[in-house]
$ cat protein_13.txt   # compact mmCIF, C-alpha atoms
# COMPACT_ATOMS: atom_id res chain seq x y z
CA MET A 1 0.00 0.00 0.00
CA SER A 2 1.07 3.58 -0.54
CA ALA A 3 -0.26 7.10 -0.15
CA ALA A 4 0.46 10.49 -1.59
CA PRO A 5 3.37 11.88 0.44
CA GLU A 6 1.72 15.30 0.77
CA ARG A 7 -1.16 13.84 2.79
CA GLN A 8 -0.14 12.50 6.19
CA MET A 9 -2.05 11.34 9.23
CA THR A 10 -2.94 13.59 12.14
CA MET A 11 -2.39 11.67 15.39
CA VAL A 12 -4.13 12.59 18.63
CA GLY A 13 -3.82 11.02 22.08
CA PHE A 14 -7.17 10.89 23.87
CA LEU A 15 -6.99 11.52 27.62
CA GLN A 16 -9.20 12.12 30.63
CA ALA A 17 -8.14 13.80 33.86
CA GLN A 18 -9.11 10.80 35.90
CA ASN A 19 -8.23 7.35 37.22
CA CYS A 20 -8.50 5.54 33.87
CA SER A 21 -8.50 6.10 30.14
CA ILE A 22 -11.87 6.26 28.43
CA ALA A 23 -11.83 2.46 28.85
CA PRO A 24 -12.98 2.18 32.49
CA GLY A 25 -11.26 -1.17 32.97
CA SER A 26 -7.84 0.30 32.13
CA TRP A 27 -7.10 1.17 35.77
CA ARG A 28 -7.46 -2.57 36.58
CA HIS A 29 -4.57 -3.44 34.23
CA PRO A 30 -1.54 -4.64 36.24
CA ALA A 31 0.78 -2.32 34.27
CA ASN A 32 -1.36 0.79 34.77
CA PRO A 33 0.23 3.05 37.43
CA MET A 34 -1.98 4.37 40.24
CA ASP A 35 -0.35 7.79 40.73
CA PHE A 36 -2.99 9.50 38.58
CA LEU A 37 -3.44 12.22 41.24
CA SER A 38 0.11 13.45 40.64
CA PRO A 39 1.69 15.59 37.89
CA ASP A 40 4.24 12.81 37.26
CA TYR A 41 1.53 10.53 35.82
CA PHE A 42 0.44 13.00 33.15
CA GLN A 43 3.93 14.28 32.43
CA ARG A 44 5.07 10.70 31.67
CA ILE A 45 2.22 10.37 29.20
CA ALA A 46 3.08 13.74 27.61
CA ARG A 47 6.71 12.74 27.06
CA VAL A 48 5.67 9.44 25.48
CA LEU A 49 3.28 11.21 23.10
CA GLU A 50 5.89 13.79 22.12
CA ASP A 51 8.49 11.07 21.53
CA GLY A 52 5.91 9.44 19.22
CA LYS A 53 5.45 12.77 17.37
CA PHE A 54 1.74 12.93 18.23
CA HIS A 55 0.29 16.23 17.06
CA LEU A 56 -1.94 16.67 20.05
CA ALA A 57 -3.10 15.27 23.38
CA PHE A 58 -6.54 16.35 24.41
CA PHE A 59 -8.72 15.86 27.46
CA ASP A 60 -12.35 14.87 27.25
CA ASP A 61 -14.35 15.92 30.31
CA ARG A 62 -17.64 15.68 32.17
CA LEU A 63 -18.78 18.07 34.87
CA ALA A 64 -20.26 15.40 37.13
CA MET A 65 -19.52 11.95 38.47
CA PRO A 66 -21.44 9.16 36.66
CA ASP A 67 -24.50 8.89 38.89
CA ILE A 68 -27.49 8.55 36.56
CA TYR A 69 -27.51 4.73 36.88
CA GLY A 70 -29.78 3.91 39.81
CA ARG A 71 -29.74 7.65 40.61
CA ASN A 72 -26.70 7.07 42.77
CA HIS A 73 -22.93 7.36 42.43
CA ARG A 74 -22.03 4.31 44.53
CA GLU A 75 -21.70 1.69 41.77
CA ALA A 76 -19.48 4.02 39.76
CA VAL A 77 -17.26 4.81 42.76
CA GLU A 78 -16.98 1.19 43.94
CA ASN A 79 -15.88 0.07 40.47
CA GLY A 80 -13.73 3.08 39.55
CA ILE A 81 -15.85 3.91 36.48
CA ARG A 82 -14.45 7.30 35.51
CA VAL A 83 -15.24 8.84 38.87
CA VAL A 84 -12.20 11.10 39.27
CA LYS A 85 -12.67 14.21 37.13
CA MET A 86 -10.05 16.88 37.73
CA ASP A 87 -9.97 20.18 35.88
CA PRO A 88 -8.03 19.39 32.67
CA SER A 89 -6.64 22.91 32.21
CA ALA A 90 -4.39 22.62 35.27
CA ILE A 91 -3.09 19.24 34.11
CA LEU A 92 -2.49 20.64 30.63
CA SER A 93 -0.20 23.25 32.20
CA SER A 94 1.74 20.51 33.97
CA MET A 95 2.16 18.55 30.73
CA ALA A 96 3.31 21.67 28.92
CA CYS A 97 6.23 21.93 31.33
CA ALA A 98 7.41 18.46 30.28
CA THR A 99 7.19 19.04 26.51
CA THR A 100 8.05 21.64 23.86
CA LYS A 101 6.14 20.63 20.68
CA LEU A 102 3.15 18.48 21.68
CA GLY A 103 -0.20 20.20 21.21
CA LEU A 104 -2.42 20.22 24.31
CA GLY A 105 -6.20 20.45 24.29
CA ALA A 106 -8.77 20.72 27.07
CA THR A 107 -12.56 20.44 27.08
CA TYR A 108 -14.67 23.32 28.37
CA SER A 109 -18.45 23.42 28.16
CA THR A 110 -20.46 26.16 26.46
CA THR A 111 -23.44 25.28 28.65
CA TYR A 112 -21.93 25.75 32.09
CA TYR A 113 -19.16 28.34 31.70
CA GLU A 114 -19.15 31.96 30.58
CA PRO A 115 -17.57 33.03 27.26
CA PHE A 116 -15.27 35.59 28.89
CA HIS A 117 -13.93 32.98 31.32
CA VAL A 118 -13.23 30.47 28.54
CA ALA A 119 -11.65 33.14 26.31
CA ARG A 120 -9.32 34.34 29.08
CA LEU A 121 -8.37 30.87 30.29
CA PHE A 122 -7.47 29.46 26.88
CA ALA A 123 -5.77 32.65 25.66
CA THR A 124 -3.56 32.55 28.77
CA LEU A 125 -2.80 28.84 28.34
CA ASP A 126 -1.92 29.49 24.71
CA LEU A 127 0.62 32.12 25.74
CA MET A 128 2.09 29.95 28.49
CA THR A 129 2.58 27.07 26.04
CA ARG A 130 3.91 29.33 23.26
CA GLY A 131 0.98 28.56 21.01
CA ARG A 132 0.24 24.86 21.56
CA VAL A 133 -3.29 24.91 22.97
CA ALA A 134 -6.65 23.71 21.63
CA TRP A 135 -10.16 24.14 23.02
CA ASN A 136 -12.48 21.14 22.71
CA ILE A 137 -15.94 22.70 22.47
CA VAL A 138 -18.72 20.66 24.07
CA THR A 139 -22.30 21.41 25.09
CA SER A 140 -22.32 18.77 27.90
CA LEU A 141 -24.91 16.01 28.08
CA ASN A 142 -26.69 15.14 31.32
CA ASP A 143 -28.78 16.34 34.24
CA SER A 144 -26.07 15.56 36.80
CA GLU A 145 -23.93 18.26 35.21
CA ALA A 146 -26.88 20.65 35.32
CA ALA A 147 -27.43 19.89 39.03
CA ASN A 148 -23.80 20.74 39.83
CA PHE A 149 -24.40 24.21 38.40
CA GLY A 150 -27.70 24.83 40.16
CA ARG A 151 -29.97 23.93 37.27
CA ALA A 152 -32.89 21.49 37.27
CA GLU A 153 -32.22 19.81 33.93
CA HIS A 154 -29.97 19.85 30.90
CA LEU A 155 -30.93 21.94 27.85
CA GLU A 156 -32.45 20.19 24.81
CA HIS A 157 -29.97 19.07 22.11
CA ASP A 158 -30.54 21.57 19.27
CA LEU A 159 -31.06 24.45 21.70
CA ARG A 160 -27.66 23.71 23.26
CA TYR A 161 -26.02 24.10 19.86
CA ASP A 162 -27.94 27.31 19.06
CA ARG A 163 -26.62 28.74 22.31
CA ALA A 164 -23.13 27.33 21.66
CA ASP A 165 -22.92 29.14 18.31
CA GLU A 166 -23.30 32.49 20.04
CA PHE A 167 -20.97 31.39 22.86
CA VAL A 168 -18.16 30.70 20.37
CA GLU A 169 -18.83 33.97 18.57
CA VAL A 170 -18.28 35.79 21.87
CA VAL A 171 -15.09 33.85 22.62
CA MET A 172 -13.71 34.51 19.14
CA GLY A 173 -14.64 38.17 19.46
CA HIS A 174 -12.70 38.42 22.71
CA TRP A 175 -9.71 36.68 21.12
CA ASP A 176 -9.78 39.48 18.53
CA SER A 177 -9.41 42.19 21.20
CA TRP A 178 -5.70 42.78 20.58
CA GLU A 179 -4.21 43.32 17.15
CA ASP A 180 -0.84 41.66 16.67
CA ASP A 181 1.21 44.85 16.80
CA ALA A 182 -0.70 46.55 19.62
CA ILE A 183 2.08 46.30 22.21
CA ILE A 184 4.76 48.98 21.78
CA GLY A 185 6.70 48.66 25.04
CA ASP A 186 8.50 52.01 24.66
CA LYS A 187 10.05 52.64 28.07
CA ALA A 188 11.53 55.97 27.05
CA SER A 189 8.15 57.49 26.20
CA GLY A 190 6.25 55.40 28.72
CA ARG A 191 3.86 54.22 26.02
CA PHE A 192 3.00 50.55 26.60
CA ALA A 193 0.52 49.89 23.78
CA ASP A 194 -1.48 51.53 21.00
CA GLY A 195 -4.96 52.01 22.44
CA SER A 196 -6.49 52.19 18.94
CA ARG A 197 -5.38 48.59 18.34
CA VAL A 198 -7.15 47.12 21.37
CA HIS A 199 -10.90 46.73 20.89
CA ALA A 200 -13.92 46.28 23.13
CA LEU A 201 -16.41 43.64 22.01
CA ASP A 202 -19.68 45.09 23.35
CA HIS A 203 -21.59 41.93 22.45
CA ARG A 204 -25.35 41.94 23.08
CA GLY A 205 -27.07 38.82 21.81
CA LYS A 206 -29.91 36.45 22.56
CA TRP A 207 -27.94 34.43 25.11
CA PHE A 208 -24.97 36.55 26.15
CA ARG A 209 -23.78 40.06 26.89
CA SER A 210 -20.06 40.71 27.19
CA LYS A 211 -18.20 44.00 27.07
CA GLY A 212 -14.44 43.40 26.73
CA PRO A 213 -11.73 44.01 25.74
CA LEU A 214 -10.16 40.72 26.77
CA PRO A 215 -7.09 41.61 28.86
CA VAL A 216 -4.94 38.93 27.19
CA PRO A 217 -2.95 39.64 23.97
CA ARG A 218 -2.76 37.21 21.05
CA SER A 219 -0.45 34.18 21.11
CA PRO A 220 2.15 33.00 18.58
CA GLN A 221 -0.55 30.89 16.86
CA GLY A 222 -3.14 33.70 16.87
CA HIS A 223 -5.71 31.89 18.96
CA PRO A 224 -6.23 28.31 20.17
CA VAL A 225 -7.18 25.57 17.71
CA LEU A 226 -10.87 24.57 17.89
CA ILE A 227 -11.79 20.91 18.39
CA GLN A 228 -15.36 19.72 17.93
CA ALA A 229 -17.19 16.40 18.00
CA GLY A 230 -20.61 17.05 16.49
CA GLN A 231 -21.95 14.20 14.33
CA SER A 232 -25.74 14.67 14.55
CA GLY A 233 -27.52 16.99 12.10
CA ARG A 234 -27.33 20.14 14.25
CA GLY A 235 -24.00 19.12 15.75
CA ARG A 236 -22.57 18.51 12.28
CA ARG A 237 -23.53 22.04 11.19
CA PHE A 238 -21.85 23.40 14.32
CA ALA A 239 -18.71 21.35 13.64
CA GLY A 240 -18.76 22.49 10.01
CA ARG A 241 -18.77 26.11 11.11
CA TRP A 242 -16.16 25.98 13.87
CA GLY A 243 -14.18 22.73 14.03
CA GLU A 244 -10.56 22.78 12.89
CA LEU A 245 -10.02 19.26 14.19
CA ILE A 246 -13.16 17.10 14.41
CA PHE A 247 -13.26 14.10 16.74
CA VAL A 248 -15.67 11.37 15.56
CA VAL A 249 -16.72 7.82 16.37
CA TYR A 250 -17.12 5.48 13.39
CA PRO A 251 -17.87 1.79 14.06
CA THR A 252 -16.80 0.73 10.54
CA LYS A 253 -14.75 2.10 7.69
CA GLU A 254 -17.81 2.15 5.42
CA MET A 255 -19.89 4.19 7.87
CA GLY A 256 -16.84 6.38 8.32
CA GLN A 257 -16.58 7.13 4.61
CA LYS A 258 -20.18 8.34 4.47
CA GLN A 259 -20.00 10.46 7.60
CA TYR A 260 -16.57 11.81 6.63
CA ALA A 261 -18.06 13.04 3.34
CA ASP A 262 -21.03 14.56 5.21
CA LEU A 263 -18.73 16.42 7.61
CA LYS A 264 -16.55 17.74 4.79
CA GLN A 265 -19.71 18.95 3.03
CA ALA A 266 -20.82 20.74 6.21
CA VAL A 267 -17.44 22.51 6.29
CA ARG A 268 -17.83 23.47 2.63
CA GLU A 269 -21.36 24.81 3.24
CA ALA A 270 -19.97 26.98 6.05
CA GLY A 271 -17.68 28.63 3.49
CA ARG A 272 -14.51 26.96 4.72
CA ASP A 273 -11.87 24.78 3.04
CA PRO A 274 -12.57 21.08 3.85
CA ASP A 275 -8.91 20.20 3.28
CA LYS A 276 -7.97 22.44 6.22
CA VAL A 277 -10.20 20.52 8.64
CA SER A 278 -8.93 17.22 10.03
CA VAL A 279 -11.53 14.50 10.76
CA ASN A 280 -10.24 11.92 13.23
CA PRO A 281 -12.08 8.81 14.50
CA ALA A 282 -11.37 7.20 17.85
CA CYS A 283 -9.61 3.83 17.83
CA TYR A 284 -7.77 1.38 20.04
CA VAL A 285 -4.49 -0.26 19.02
CA CYS A 286 -3.26 -3.61 20.33
CA VAL A 287 0.15 -4.19 18.78
CA ALA A 288 3.02 -6.61 19.43
CA GLU A 289 5.88 -8.26 17.58
CA THR A 290 3.62 -11.21 16.68
CA ARG A 291 -0.07 -11.38 15.83
CA ALA A 292 -0.71 -13.93 18.57
CA ALA A 293 0.85 -11.68 21.22
CA ALA A 294 -1.22 -8.70 20.03
CA GLU A 295 -4.43 -10.75 20.15
CA ALA A 296 -3.55 -11.93 23.65
CA LYS A 297 -3.13 -8.28 24.71
CA ARG A 298 -6.53 -7.43 23.24
CA ASP A 299 -8.28 -10.38 24.89
CA PHE A 300 -6.73 -9.60 28.27
CA VAL A 301 -7.90 -5.98 28.10
CA LEU A 302 -11.40 -7.13 27.14
CA SER A 303 -11.42 -9.40 30.20
CA LEU A 304 -10.91 -6.38 32.47
CA SER A 305 -14.38 -5.02 31.65
CA LYS A 306 -17.35 -5.58 33.94
CA PRO A 307 -21.06 -5.53 32.92
CA ILE A 308 -21.66 -2.68 35.36
CA ASP A 309 -19.16 -0.53 33.43
CA ALA A 310 -21.45 -0.50 30.39
CA LEU A 311 -24.66 0.24 32.32
CA VAL A 312 -23.15 3.09 34.34
CA LEU A 313 -21.57 4.73 31.29
CA LEU A 314 -24.62 4.25 29.08
CA SER A 315 -26.71 6.01 31.71
CA GLU A 316 -24.20 8.86 31.85
CA VAL A 317 -23.93 9.41 28.11
CA THR A 318 -27.64 9.08 27.30
CA ASN A 319 -28.94 10.92 30.39
CA PHE A 320 -31.26 7.95 31.01
CA ASP A 321 -31.27 5.58 33.99
CA PHE A 322 -30.51 2.11 32.57
CA ALA A 323 -31.35 0.60 35.96
CA SER A 324 -35.00 1.53 35.30
CA LYS A 325 -35.45 -1.06 32.50
CA ASP A 326 -34.70 -4.76 32.15
CA LEU A 327 -32.23 -5.96 29.53
CA ASP A 328 -34.78 -6.98 26.90
CA SER A 329 -37.12 -4.02 27.32
CA GLU A 330 -37.41 -1.81 24.23
CA PHE A 331 -36.98 1.94 24.44
CA THR A 332 -40.17 3.81 23.62
CA GLU A 333 -40.26 6.70 21.16
CA GLU A 334 -40.67 9.09 24.07
CA GLU A 335 -37.64 7.63 25.87
CA LEU A 336 -35.50 7.81 22.73
CA LYS A 337 -36.39 11.48 22.27
CA LYS A 338 -34.94 12.17 25.70
CA VAL A 339 -31.56 10.60 24.94
CA SER A 340 -29.05 13.41 25.30
CA TRP A 341 -26.36 12.36 22.80
CA THR A 342 -28.27 12.10 19.51
CA GLY A 343 -25.32 10.81 17.47
CA PHE A 344 -24.72 8.01 19.97
CA LYS A 345 -28.38 6.94 19.86
CA ASP A 346 -28.43 7.06 16.03
CA ARG A 347 -25.37 4.81 15.87
CA VAL A 348 -27.02 2.13 18.05
CA ILE A 349 -30.22 2.28 15.98
CA ALA A 350 -28.24 1.94 12.73
CA LEU A 351 -26.09 -0.96 13.94
CA SER A 352 -28.98 -2.86 15.55
CA GLY A 353 -31.34 -2.28 12.64
CA LYS A 354 -34.10 -1.58 15.17
CA PRO A 355 -35.97 1.72 15.48
CA ASN A 356 -36.59 0.87 19.15
CA PRO A 357 -33.49 -0.87 20.52
CA THR A 358 -33.52 -2.72 23.84
CA VAL A 359 -31.19 -2.13 26.76
CA ARG A 360 -29.27 -5.21 25.63
CA ASP A 361 -28.95 -3.68 22.14
CA PHE A 362 -27.47 -0.50 23.60
CA VAL A 363 -24.97 -2.55 25.61
CA HIS A 364 -24.01 -4.80 22.68
CA TYR A 365 -23.94 -2.39 19.75
CA SER A 366 -22.41 0.58 21.56
CA GLY A 367 -19.58 -1.41 23.15
CA ARG A 368 -19.77 1.16 25.93
CA GLY A 369 -17.51 0.35 28.85
CA THR A 370 -15.25 -1.90 26.74
CA ILE A 371 -12.60 -1.37 24.08
CA ARG A 372 -15.16 -2.62 21.53
CA GLU A 373 -16.73 0.84 21.66
CA PHE A 374 -14.26 1.95 18.98
CA PRO A 375 -12.51 0.07 16.15
CA ILE A 376 -9.60 -2.05 17.38
CA PHE A 377 -6.55 -2.21 15.14
CA CYS A 378 -4.77 -5.36 16.22
CA GLY A 379 -1.71 -7.32 15.12
CA THR A 380 1.93 -6.77 14.22
CA PRO A 381 3.19 -3.26 13.42
CA SER A 382 2.69 -4.03 9.74
CA ASP A 383 -0.86 -5.33 10.38
CA VAL A 384 -1.84 -2.24 12.32
CA ALA A 385 -0.29 0.10 9.75
CA ASP A 386 -2.19 -1.74 7.00
CA GLN A 387 -5.49 -1.30 8.84
CA MET A 388 -4.92 2.39 9.56
CA GLU A 389 -3.72 3.03 6.02
CA GLU A 390 -6.84 1.38 4.64
CA TRP A 391 -9.09 3.82 6.52
CA PHE A 392 -6.88 6.78 5.65
CA THR A 393 -6.55 6.14 1.92
CA ALA A 394 -10.27 5.26 1.61
CA ARG A 395 -11.07 8.79 2.84
CA ALA A 396 -12.78 7.61 6.00
CA CYS A 397 -10.51 9.91 8.03
CA ASP A 398 -7.55 12.30 8.07
CA GLY A 399 -5.91 10.64 11.07
CA PHE A 400 -6.87 9.03 14.35
CA VAL A 401 -7.63 9.71 17.99
CA LEU A 402 -5.82 6.93 19.84
CA VAL A 403 -7.43 5.78 23.07
CA ALA A 404 -5.22 3.90 25.52
CA THR A 405 -6.04 0.37 26.64
CA GLN A 406 -3.81 1.19 29.61
CA MET A 407 -1.57 4.11 30.58
CA PRO A 408 1.02 4.82 29.32
CA GLY A 409 1.82 1.39 27.82
CA ALA A 410 -0.59 1.60 24.88
CA PHE A 411 0.95 4.89 23.77
CA GLU A 412 4.46 3.51 24.29
CA ASP A 413 3.68 0.46 22.14
CA PHE A 414 2.24 2.63 19.37
CA ALA A 415 5.18 5.05 19.40
CA ARG A 416 7.77 2.26 19.44
CA LEU A 417 6.19 -0.17 16.99
CA VAL A 418 3.63 1.50 14.73
CA VAL A 419 4.96 5.02 14.22
CA PRO A 420 8.20 3.85 12.48
CA GLU A 421 6.13 1.66 10.14
CA LEU A 422 3.81 4.53 9.23
CA GLN A 423 6.78 6.85 8.74
CA LYS A 424 8.42 4.31 6.42
CA ARG A 425 5.27 4.40 4.27
CA GLY A 426 5.24 8.19 4.12
CA LEU A 427 1.97 8.35 6.05
CA TYR A 428 3.26 9.97 9.24
CA HIS A 429 5.52 12.97 9.74
CA LYS A 430 9.11 12.33 10.87
CA ASP A 431 9.29 15.47 12.98
CA TYR A 432 7.23 18.45 14.03
CA ALA A 433 6.89 21.16 11.37
CA GLY A 434 7.20 24.01 13.87
CA THR A 435 6.65 25.09 17.44
CA THR A 436 2.92 25.95 17.41
CA LEU A 437 0.03 23.53 17.12
CA ARG A 438 -1.25 25.31 14.02
CA GLU A 439 2.11 24.88 12.28
CA ASN A 440 2.15 21.19 13.11
CA LEU A 441 -1.43 20.71 11.87
CA GLY A 442 -0.69 22.60 8.65
CA LEU A 443 -3.07 25.44 9.57
CA GLU A 444 -2.48 29.09 8.76
CA ARG A 445 -2.23 31.59 11.57
CA PRO A 446 -5.66 33.30 11.57
CA ALA A 447 -5.86 37.04 11.10
CA VAL A 448 -7.93 39.10 13.52
CA GLY A 449 -11.58 38.77 12.47
CA ALA A 450 -10.91 35.99 9.92
CA TRP A 451 -13.75 33.90 11.38
CA ARG A 452 -16.45 36.52 10.81
CA GLY A 453 -19.00 35.70 8.12
CA ARG A 454 -19.08 31.98 8.87
$ encode --input "protein_13.txt" --output "structure tokens"
Amino acid sequence: MSAAPERQMTMVGFLQAQNCSIAPGSWRHPANPMDFLSPDYFQRIARVLEDGKFHLAFFDDRLAMPDIYGRNHREAVENGIRVVKMDPSAILSSMACATTKLGLGATYSTTYYEPFHVARLFATLDLMTRGRVAWNIVTSLNDSEAANFGRAEHLEHDLRYDRADEFVEVVMGHWDSWEDDAIIGDKASGRFADGSRVHALDHRGKWFRSKGPLPVPRSPQGHPVLIQAGQSGRGRRFAGRWGELIFVVYPTKEMGQKQYADLKQAVREAGRDPDKVSVNPACYVCVAETRAAAEAKRDFVLSLSKPIDALVLLSEVTNFDFASKDLDSEFTEEELKKVSWTGFKDRVIALSGKPNPTVRDFVHYSGRGTIREFPIFCGTPSDVADQMEEWFTARACDGFVLVATQMPGAFEDFARLVVPELQKRGLYHKDYAGTTLRENLGLERPAVGAWRGR
């Protein structure tokens, strides 16, 4: 197999600021360290990812412990099902101190934070990392998050995205406060900056009011890279308007090809260049020197999962209590309408072939709580490279978001075994292109106001 040398994979390491990877059983792996409450844990991971020339590490996040199942947090806590949720921005800063080129992204919600706060936080992080930061834009997904912020229930799906559009407009407007040459720094005259080149926002919209100017100048990359994960109809339009790197979940290459084309079309309809937007599906990699050893790794990781993992995490992601139905009970139309993550629900319906899936169908076809939730590339380095190349050259993706079966061993295995094979094929860069995340993703530095008109 071969690929055009000018098109190379974007590689992202998927992290959570918690006791496990997105695979809840990962903390049970004998090789997974338990010092996840220390900076050393995350700095080790950062160094491994930078050694493997990953473009970016980014943190997914939730603003509540998983407690929808049985309306109680105890099962999640007892089984360590993603119950530690630290603020990812602080950990990002720690990882930045251990690296010089690796991009670093954190999730912040448009539903539960204020635009000015998000604009200031990420602009500051971008300066402190010399232009390596990305913001993963989410609208959040369940009532437990709402309750932590004093609200009775979570906003309806499309309404969240309508509100998020204005939220991002406000953030982008604040990031435009300072023109690039505003700071003069003339000690002799005492003139610090050109006041005509620093602008108030004075935003007054349906959802938000925000005055400005943002008291944080622009970074070496202009402003942080925007990550988005919308795959539903309204979410896809949002991703098409804002996403510079789009995180997706595709169960098969064929489904990926269709949704990849749909996302690229959404970018085109937003008046943007689809070739400048990287679409990256989540995957697991189980690799070893022999196929048998790789398959043994995969089977062992699968054995670490518990049935309760799936039920707790399904309840969290759908905002529906899976303890309230038996395994073979079908979801009613009314219940399906209440499912928070529309793209997740649509995927289960498509894979099951049933308009009203059962609880068992959700468990089986989602793979939630196991590494079967995402495609598993398994085998020798050559096998894994073949599988990834097949997706890449078939235009099902522009790269991958690698989820760890255990920390940091899965990333170490990929960097040591798979990266050299992909580099040999011309599919993976041999070194970072520059010092900022935009340079390394092949993105131009945005001019002030370049986003307006989207």
$ residues_around --input "protein_13.txt" --residues "range 145-150 of chain A" --least-positions-apart "3" --cutoff "6 Å" --atoms "only C-alpha atoms" --output "VMD selection string"
chain A and resid 63 to 64 142 153 to 154
$ closest_residue --input "protein_13.txt" --among "A:Val168, A:Ala23, A:Met11, A:Ile68" --to "Ser303 in chain A" --atoms "all atoms listed in the file"
A:Ala23
$ axis_aligned_box --input "protein_13.txt" --around "range 314-328 of chain A" --padding-each-side "5 Å" --output "JSON"
{"center_x": -29.7, "center_y": 2.0, "center_z": 31.4, "size_x": 21.5, "size_y": 27.9, "size_z": 19.1}
$ atom_distance --input "protein_13.txt" --atom1 "CA of Gln257 in chain A" --atom2 "CA of Ile227 in chain A"
20.1 Å
$ closest_residue --input "protein_13.txt" --among "A:Arg360, A:Arg130, A:Lys297, A:His203" --to "His223 in chain A" --atoms "all atoms listed in the file"
A:Arg130
